[in-house]
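> Here you go, this is upload09.csv (CSV, C-alpha atoms).
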chain,number,residue,atom,x,y,z
A,1,MET,CA,62.7,15.7,123.1
A,2,LYS,CA,61.3,15.9,126.6
A,3,HIS,CA,64.6,14.8,128.1
A,4,LEU,CA,66.5,17.4,126.0
A,5,PHE,CA,64.1,20.2,127.1
A,6,PHE,CA,64.5,19.2,130.8
A,7,LEU,CA,68.3,19.1,130.5
A,8,THR,CA,68.3,22.6,128.9
A,9,LEU,CA,66.2,24.0,131.7
A,10,LEU,CA,68.5,22.4,134.3
A,11,SER,CA,71.6,23.8,132.7
A,12,LEU,CA,70.1,27.3,132.6
A,13,PHE,CA,69.2,27.0,136.3
A,14,VAL,CA,72.7,25.9,137.3
A,15,LEU,CA,74.3,28.6,135.3
A,16,SER,CA,72.0,31.3,136.8
A,17,ALA,CA,72.8,30.0,140.4
A,18,CYS,CA,76.5,30.0,139.7
A,19,GLN,CA,76.4,33.6,138.5
A,20,SER,CA,74.4,34.7,141.6
A,21,GLU,CA,76.8,32.9,143.9
A,22,SER,CA,79.8,34.6,142.2
A,23,GLU,CA,78.3,38.0,142.5
A,24,THR,CA,77.5,37.4,146.2
A,25,ASP,CA,81.0,36.2,146.9
A,26,GLU,CA,82.5,39.4,145.3
A,27,ASN,CA,80.3,41.6,147.6
A,28,VAL,CA,81.2,39.6,150.7
A,29,THR,CA,84.9,39.8,149.9
A,30,ASP,CA,84.7,43.5,149.3
A,31,THR,CA,82.7,44.1,152.5
A,32,SER,CA,85.0,42.0,154.6
A,33,ALA,CA,88.1,43.8,153.3
A,34,ARG,CA,86.5,47.2,154.2
A,35,LEU,CA,85.5,46.0,157.7
A,36,GLU,CA,89.0,44.7,158.3
A,37,ALA,CA,90.3,48.1,157.3
A,38,GLY,CA,88.2,49.8,160.0
A,39,PHE,CA,85.5,51.2,157.6
A,40,ASN,CA,82.3,51.9,159.5
A,41,PHE,CA,79.2,51.4,157.4
A,42,SER,CA,76.5,52.7,159.8
A,43,ASP,CA,76.0,54.8,162.9
A,44,GLY,CA,72.3,54.9,163.8
A,45,ASP,CA,70.7,57.3,161.4
A,46,TYR,CA,74.0,58.1,159.6
A,47,SER,CA,74.7,56.8,156.1
A,48,PRO,CA,77.7,57.6,153.8
A,49,GLN,CA,77.3,61.0,152.2
A,50,ALA,CA,78.1,62.2,148.7
A,51,PHE,CA,80.7,65.0,148.7
A,52,ASP,CA,81.5,67.2,145.8
A,53,ILE,CA,84.9,68.8,145.1
A,54,PRO,CA,85.1,71.5,147.9
A,55,ALA,CA,84.9,75.1,147.0
A,56,GLU,CA,87.4,77.7,148.4
A,57,LEU,CA,86.2,79.9,151.2
A,58,PRO,CA,88.0,83.3,151.0
A,59,TYR,CA,88.9,85.1,154.3
A,60,GLY,CA,89.8,88.6,153.2
A,61,ILE,CA,93.4,88.3,152.2
A,62,ASN,CA,94.8,90.3,149.4
A,63,PRO,CA,96.9,87.9,147.2
A,64,GLU,CA,99.0,90.8,146.0
A,65,GLU,CA,100.1,91.6,149.6
A,66,SER,CA,100.7,88.1,151.0
A,67,LEU,CA,101.3,84.4,150.2
A,68,TYR,CA,98.6,82.6,152.1
A,69,GLY,CA,97.0,79.1,152.6
A,70,LYS,CA,93.7,78.5,150.8
A,71,PHE,CA,90.8,77.1,152.8
A,72,TYR,CA,88.2,74.6,151.7
A,73,PRO,CA,85.7,73.5,154.3
A,74,ILE,CA,84.1,70.1,153.7
A,75,GLY,CA,81.9,69.0,156.6
A,76,ALA,CA,81.4,68.1,160.2
A,77,SER,CA,80.0,65.3,162.3
A,78,LYS,CA,77.3,65.7,164.9
A,79,SER,CA,79.9,65.7,167.6
A,80,GLY,CA,81.8,68.5,165.8
A,81,LEU,CA,84.6,66.6,164.1
A,82,PHE,CA,85.7,69.0,161.4
A,83,ALA,CA,86.9,68.0,157.9
A,84,TYR,CA,88.6,70.5,155.7
A,85,ILE,CA,91.4,71.0,153.1
A,86,CYS,CA,94.1,73.6,153.1
A,87,GLU,CA,96.5,74.4,150.3
A,88,PRO,CA,99.5,75.9,152.1
A,89,ALA,CA,101.3,78.8,150.5
A,90,ASP,CA,104.1,77.9,148.1
A,91,GLU,CA,107.3,79.8,148.9
A,92,ALA,CA,109.0,79.8,145.5
A,93,THR,CA,109.3,76.0,145.2
A,94,GLY,CA,106.9,75.6,142.3
A,95,PHE,CA,105.4,72.5,143.9
A,96,TYR,CA,101.8,71.8,144.9
A,97,PHE,CA,100.9,71.6,148.6
A,98,PHE,CA,97.8,69.9,150.0
A,99,ASP,CA,96.5,69.0,153.5
A,100,PHE,CA,93.2,67.0,154.1
A,101,ILE,CA,92.5,67.2,157.8
A,102,ILE,CA,89.9,65.8,160.2
A,103,LYS,CA,90.1,67.5,163.7
A,104,ASP,CA,88.4,66.9,167.0
A,105,PRO,CA,87.0,70.0,168.7
A,106,ALA,CA,87.2,68.5,172.2
A,107,SER,CA,90.9,67.8,172.1
A,108,GLY,CA,92.1,70.0,169.2
A,109,LYS,CA,93.9,67.0,167.9
A,110,THR,CA,94.1,65.9,164.2
A,111,LEU,CA,92.4,62.5,163.9
A,112,TRP,CA,93.3,61.8,160.3
A,113,SER,CA,95.2,63.6,157.6
A,114,PHE,CA,96.5,63.2,154.1
A,115,SER,CA,99.2,65.6,152.8
A,116,ILE,CA,101.2,66.4,149.7
A,117,ASP,CA,104.4,68.4,150.2
A,118,GLU,CA,107.7,69.1,148.5
A,119,LYS,CA,108.7,65.4,148.9
A,120,ASP,CA,106.0,64.5,146.4
A,121,ALA,CA,107.3,67.2,144.0
A,122,LEU,CA,103.9,67.6,142.2
A,123,GLU,CA,103.6,70.4,139.6
A,124,GLY,CA,100.8,71.7,137.6
A,125,VAL,CA,98.0,70.0,139.6
A,126,THR,CA,95.0,71.4,141.4
A,127,ILE,CA,92.6,70.4,144.1
A,128,THR,CA,90.3,69.0,141.4
A,129,ASN,CA,93.1,66.5,140.2
A,130,ILE,CA,93.8,65.3,143.8
A,131,TRP,CA,90.1,65.0,144.7
A,132,LYS,CA,89.4,62.9,141.6
A,133,GLU,CA,92.4,60.7,142.2
A,134,LYS,CA,91.8,60.1,145.9
A,135,LYS,CA,88.0,60.3,145.9
A,136,THR,CA,87.5,56.8,147.2
A,137,LEU,CA,89.9,57.3,150.1
A,138,PHE,CA,88.4,60.6,151.0
A,139,GLN,CA,84.8,59.4,150.9
A,140,GLU,CA,85.6,56.4,153.0
A,141,LYS,CA,87.4,58.5,155.7
A,142,LEU,CA,84.5,61.0,155.8
A,143,ALA,CA,82.1,58.1,156.3
A,144,GLU,CA,84.3,56.5,158.9
A,145,TYR,CA,84.2,59.7,161.0
A,146,LYS,CA,80.5,60.2,160.2
A,147,VAL,CA,80.9,63.6,158.5
A,148,TYR,CA,78.0,65.4,156.9
A,149,PRO,CA,78.4,68.1,154.2
A,150,LEU,CA,78.7,71.5,155.9
A,151,GLN,CA,75.4,73.4,155.4
A,152,ASN,CA,76.6,76.9,156.2
A,153,LYS,CA,80.0,77.4,154.5
A,154,LYS,CA,80.3,81.0,155.6
A,155,LEU,CA,83.0,82.8,157.6
A,156,GLN,CA,81.2,84.5,160.6
A,157,ASN,CA,82.5,87.6,162.3
A,158,ILE,CA,83.6,87.8,165.9
A,159,PRO,CA,81.9,88.4,168.3
A,160,SER,CA,79.1,86.1,167.4
A,161,THR,CA,75.6,87.5,167.0
A,162,GLN,CA,73.6,84.3,167.6
A,163,ASP,CA,73.1,82.4,170.8
A,164,PRO,CA,75.3,81.4,172.4
A,165,ILE,CA,77.1,84.7,172.1
A,166,PHE,CA,80.8,84.6,172.5
A,167,ASP,CA,83.9,86.6,171.8
A,168,VAL,CA,87.6,85.9,171.3
A,169,ASN,CA,90.5,87.4,173.1
A,170,THR,CA,93.9,87.0,171.4
A,171,LYS,CA,96.9,87.7,173.7
A,172,ILE,CA,100.3,88.1,172.0
A,173,THR,CA,103.6,88.6,173.7
A,174,TYR,CA,106.7,89.6,171.7
A,175,ASN,CA,110.4,88.9,171.9
A,176,ASP,CA,112.9,91.7,172.1
A,177,ASP,CA,114.1,92.6,168.6
A,178,LYS,CA,117.0,90.3,167.8
A,179,THR,CA,116.9,90.6,164.0
A,180,GLY,CA,118.4,94.1,163.7
A,181,TRP,CA,115.4,94.9,161.4
A,182,GLY,CA,113.5,96.8,164.0
A,183,ILE,CA,110.7,94.2,163.8
A,184,GLN,CA,109.2,92.5,166.8
A,185,MET,CA,108.8,88.8,166.6
A,186,VAL,CA,106.0,86.9,168.3
A,187,ASN,CA,107.1,84.9,171.4
A,188,LYS,CA,103.8,83.4,172.4
A,189,VAL,CA,100.1,83.6,171.7
A,190,LYS,CA,97.0,82.6,173.8
A,191,ILE,CA,93.5,82.6,172.4
A,192,GLU,CA,90.6,82.6,174.9
A,193,ILE,CA,86.8,82.2,174.4
A,194,LEU,CA,84.7,84.8,176.3
A,195,GLN,CA,81.1,84.3,177.3
A,196,ASN,CA,79.0,86.5,179.6
A,197,GLY,CA,78.9,85.2,183.2
A,198,LYS,CA,81.7,82.7,182.6
A,199,SER,CA,85.4,82.7,183.2
A,200,PRO,CA,87.6,83.0,180.1
A,201,LYS,CA,88.3,79.6,178.5
A,202,LEU,CA,91.8,79.0,177.2
A,203,LEU,CA,91.3,77.6,173.7
A,204,TYR,CA,94.7,77.7,172.1
A,205,THR,CA,98.3,78.4,173.0
A,206,GLN,CA,101.5,78.4,171.0
A,207,SER,CA,105.1,79.4,171.5
A,208,TYR,CA,107.4,80.5,168.8
A,209,ASP,CA,111.2,80.1,168.7
A,210,ASN,CA,112.7,82.8,166.5
A,211,ASP,CA,110.8,81.5,163.4
A,212,LEU,CA,110.2,85.1,162.1
A,213,THR,CA,106.5,85.1,163.1
A,214,ILE,CA,105.4,88.7,163.3
A,215,ASN,CA,101.7,88.5,163.9
A,216,VAL,CA,98.8,86.2,164.7
A,217,LYS,CA,95.3,87.0,163.7
A,218,VAL,CA,91.8,85.4,164.1
A,219,HIS,CA,89.7,86.1,161.0
A,220,GLY,CA,86.4,84.7,162.1
A,221,TYR,CA,84.7,81.3,162.8
A,222,ILE,CA,82.8,78.6,161.0
A,223,ASP,CA,79.6,77.2,162.6
A,224,LEU,CA,79.8,73.4,162.6
A,225,GLY,CA,76.4,72.9,164.1
A,226,ASN,CA,75.3,71.6,167.6
A,227,GLN,CA,77.3,74.5,169.2
A,228,ASN,CA,80.5,73.3,167.6
A,229,TYR,CA,82.7,75.9,165.9
A,230,ALA,CA,86.1,76.4,164.3
A,231,LEU,CA,88.2,79.6,164.5
A,232,LEU,CA,90.2,80.5,161.4
A,233,GLU,CA,93.6,81.8,162.4
A,234,THR,CA,96.7,82.8,160.5
A,235,GLU,CA,100.3,83.2,161.6
A,236,GLU,CA,102.2,85.7,159.6
A,237,HIS,CA,105.9,85.3,159.1
A,238,ILE,CA,108.5,87.1,157.0
A,239,GLY,CA,108.9,85.6,153.5
A,240,TYR,CA,111.9,83.4,152.7
A,241,GLU,CA,113.3,86.1,150.4
A,242,GLY,CA,111.6,89.1,152.0
A,243,PRO,CA,108.2,90.4,151.0
A,244,PRO,CA,105.6,89.2,150.4
A,245,ASN,CA,105.0,87.8,153.9
A,246,VAL,CA,103.5,84.3,154.3
A,247,LEU,CA,100.3,83.5,156.2
A,248,ASN,CA,100.2,80.0,157.6
A,249,LEU,CA,96.6,78.9,158.0
A,250,ASN,CA,95.4,77.2,161.2
A,251,LEU,CA,91.9,75.9,162.0
A,252,ILE,CA,91.0,75.7,165.7
A,253,PRO,CA,87.8,73.7,166.4
A,254,PHE,CA,86.1,74.1,169.7
A,255,SER,CA,82.8,73.3,171.4
A,256,LEU,CA,80.4,75.4,173.6
A,257,GLN,CA,78.3,72.4,174.6
A,258,LYS,CA,77.6,72.1,178.3
Could you express the structure from this file as structure tokens?

Amino acid sequence: MKHLFFLTLLSLFVLSACQSESETDENVTDTSARLEAGFNFSDGDYSPQAFDIPAELPYGINPEESLYGKFYPIGASKSGLFAYICEPADEATGFYFFDFIIKDPASGKTLWSFSIDEKDALEGVTITNIWKEKKTLFQEKLAEYKVYPLQNKKLQNIPSTQDPIFDVNTKITYNDDKTGWGIQMVNKVKIEILQNGKSPKLLYTQSYDNDLTINVKVHGYIDLGNQNYALLETEEHIGYEGPPNVLNLNLIPFSLQK
């Protein structure tokens, strides 16, 4: 009986050890795969954050007058990397459009993006569907770029009223009317940041080649923290079949850090 009792205990011990080793191996394999994929698990005091489905931030466009891109701010890193979603306007295709973007304020370049366009031919879906389906990918990319949820999801007016105070100067040049419609088309736009005692800083420039763009407008800015910001700009062009016109949304991140 003593031998039987001893063998039973030994069997239980071996079984428990095998289960623990199996669980450990699964974790190691999963971690290794993520590291090989470039996923960064830590950055000093940063730890992966939990992000809810983003909420739309309106910017004063009347949907009865224009087709426009919808804006969903997500978050920013301490260095000002800005993560957001845009749902571009649908010009009578019936398909769903979606852009998840992470931008660098220093260079203005897109560091990572995920898009859905007419090639995907998705119908009857919403941002909620896409977020739930791609949640793991989105959460990992936000962690990789050390993004925190945005605390102040509010569109601020220009000029700013908090230090550092700044203003924006939008310079638009137009082409001669070549359409025969009597409408001037935008040739080039320059956007400058103005601060007291400092020379104007060129922030953004874009040329247009007869693409029926008739106006460019800055609607305000988002405060990303640590003197990092993002201008919200739209480029208005004539609709594919005439009115309503279409507003293409553009986020321009920038930094006022010394």
> Quick check, in Å to one decimal: how far apart do CA of Lys132 (chain A) and CA of Tyr148 (chain A) lie?
19.2 Å
> So, counting all atoms listed in the file, which residue among A:Lys134, A:Lys146, A:Lys171, A:Lys154 is closest to Ser115 (chain A)?
A:Lys134
> Set the distance at 10 Å and use only C-alpha atoms: which residues neighbour region 66-73 of chain A once local chain neighbours fewer than 6 positions away are removed? I'd like the list as JSON, numbers by chain.
{"A": [53, 54, 55, 56, 57, 58, 59, 82, 83, 84, 85, 86, 87, 88, 89, 90, 91, 97, 98, 99, 100, 101, 127, 149, 150, 152, 153, 154, 222, 232, 234, 235, 236, 238, 239, 243, 244, 245, 246, 247, 248, 249, 250, 251]}
> Do you have the CA of Ala121 (chain A)-CA of Thr93 (chain A) distance handy?
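Rounded to one decimal, the two atoms are 9.1 Å apart.
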> Separation of CA of Ile252 (chain A) and CA of Leu142 (chain A), in Å?
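These two atoms are separated by 18.9 Å.
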> Show me, as JSON, numbers by chain, the residues that have an atom within 7 Å of Gln184 (chain A) when counting all atoms listed in the file, minus same-chain residues fewer than 2 positions from it.
{"A": [174, 175, 176, 177, 182, 186, 214]}
> I need the residue nearest Gly108 (chain A) from this list: A:Gly80, A:Gly242, A:Gly124, A:Gly220. Use all atoms listed in the file for the distance.
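Distance minimum relative to Gly108 (chain A) lands on A:Gly80.
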> So, counting only C-alpha atoms, which residue among A:Thr213, A:Val125, A:Trp112, A:Asp52 is closest to Met185 (chain A)?
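Result for the nearest residue to Met185 (chain A): A:Thr213.
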> Which residue is closest to Val218 (chain A)? Choose from A:Lys190, A:Lys201, A:Lys103, A:Lys109 and count only C-alpha atoms.
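Nearest candidate to Val218 (chain A) out of A:Lys190, A:Lys201, A:Lys103, A:Lys109: A:Lys190.
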> Please tell me which residues are no farther than 9 Å from (90.6, 80.1, 177.4) in the file, counting all atoms listed in the file, and write them as an MDAnalysis selection string.
chainID A and resid 168:169 190:194 199:204
> Pick the closest to Leu122 (chain A) from A:Tyr96, A:Thr110, A:Lys217, A:Leu231: which is it, counting all atoms listed in the file?
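Using all atoms listed in the file, Leu122 (chain A) sits closest to A:Tyr96.
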> Between A:Ser113, A:Ile130, A:Gln257, A:Pro105, which one has atoms that come closest to Asp163 (chain A), using only C-alpha atoms?
A:Gln257
> If I put a ball of radius 12 Å at (84.5, 58.6, 158.9) in the file's coordinates, which residues poke into it when counting all atoms listed in the file, written as number ranges by chain?
A: 38-43, 46-49, 75-78, 81-83, 101-103, 111-113, 137-148
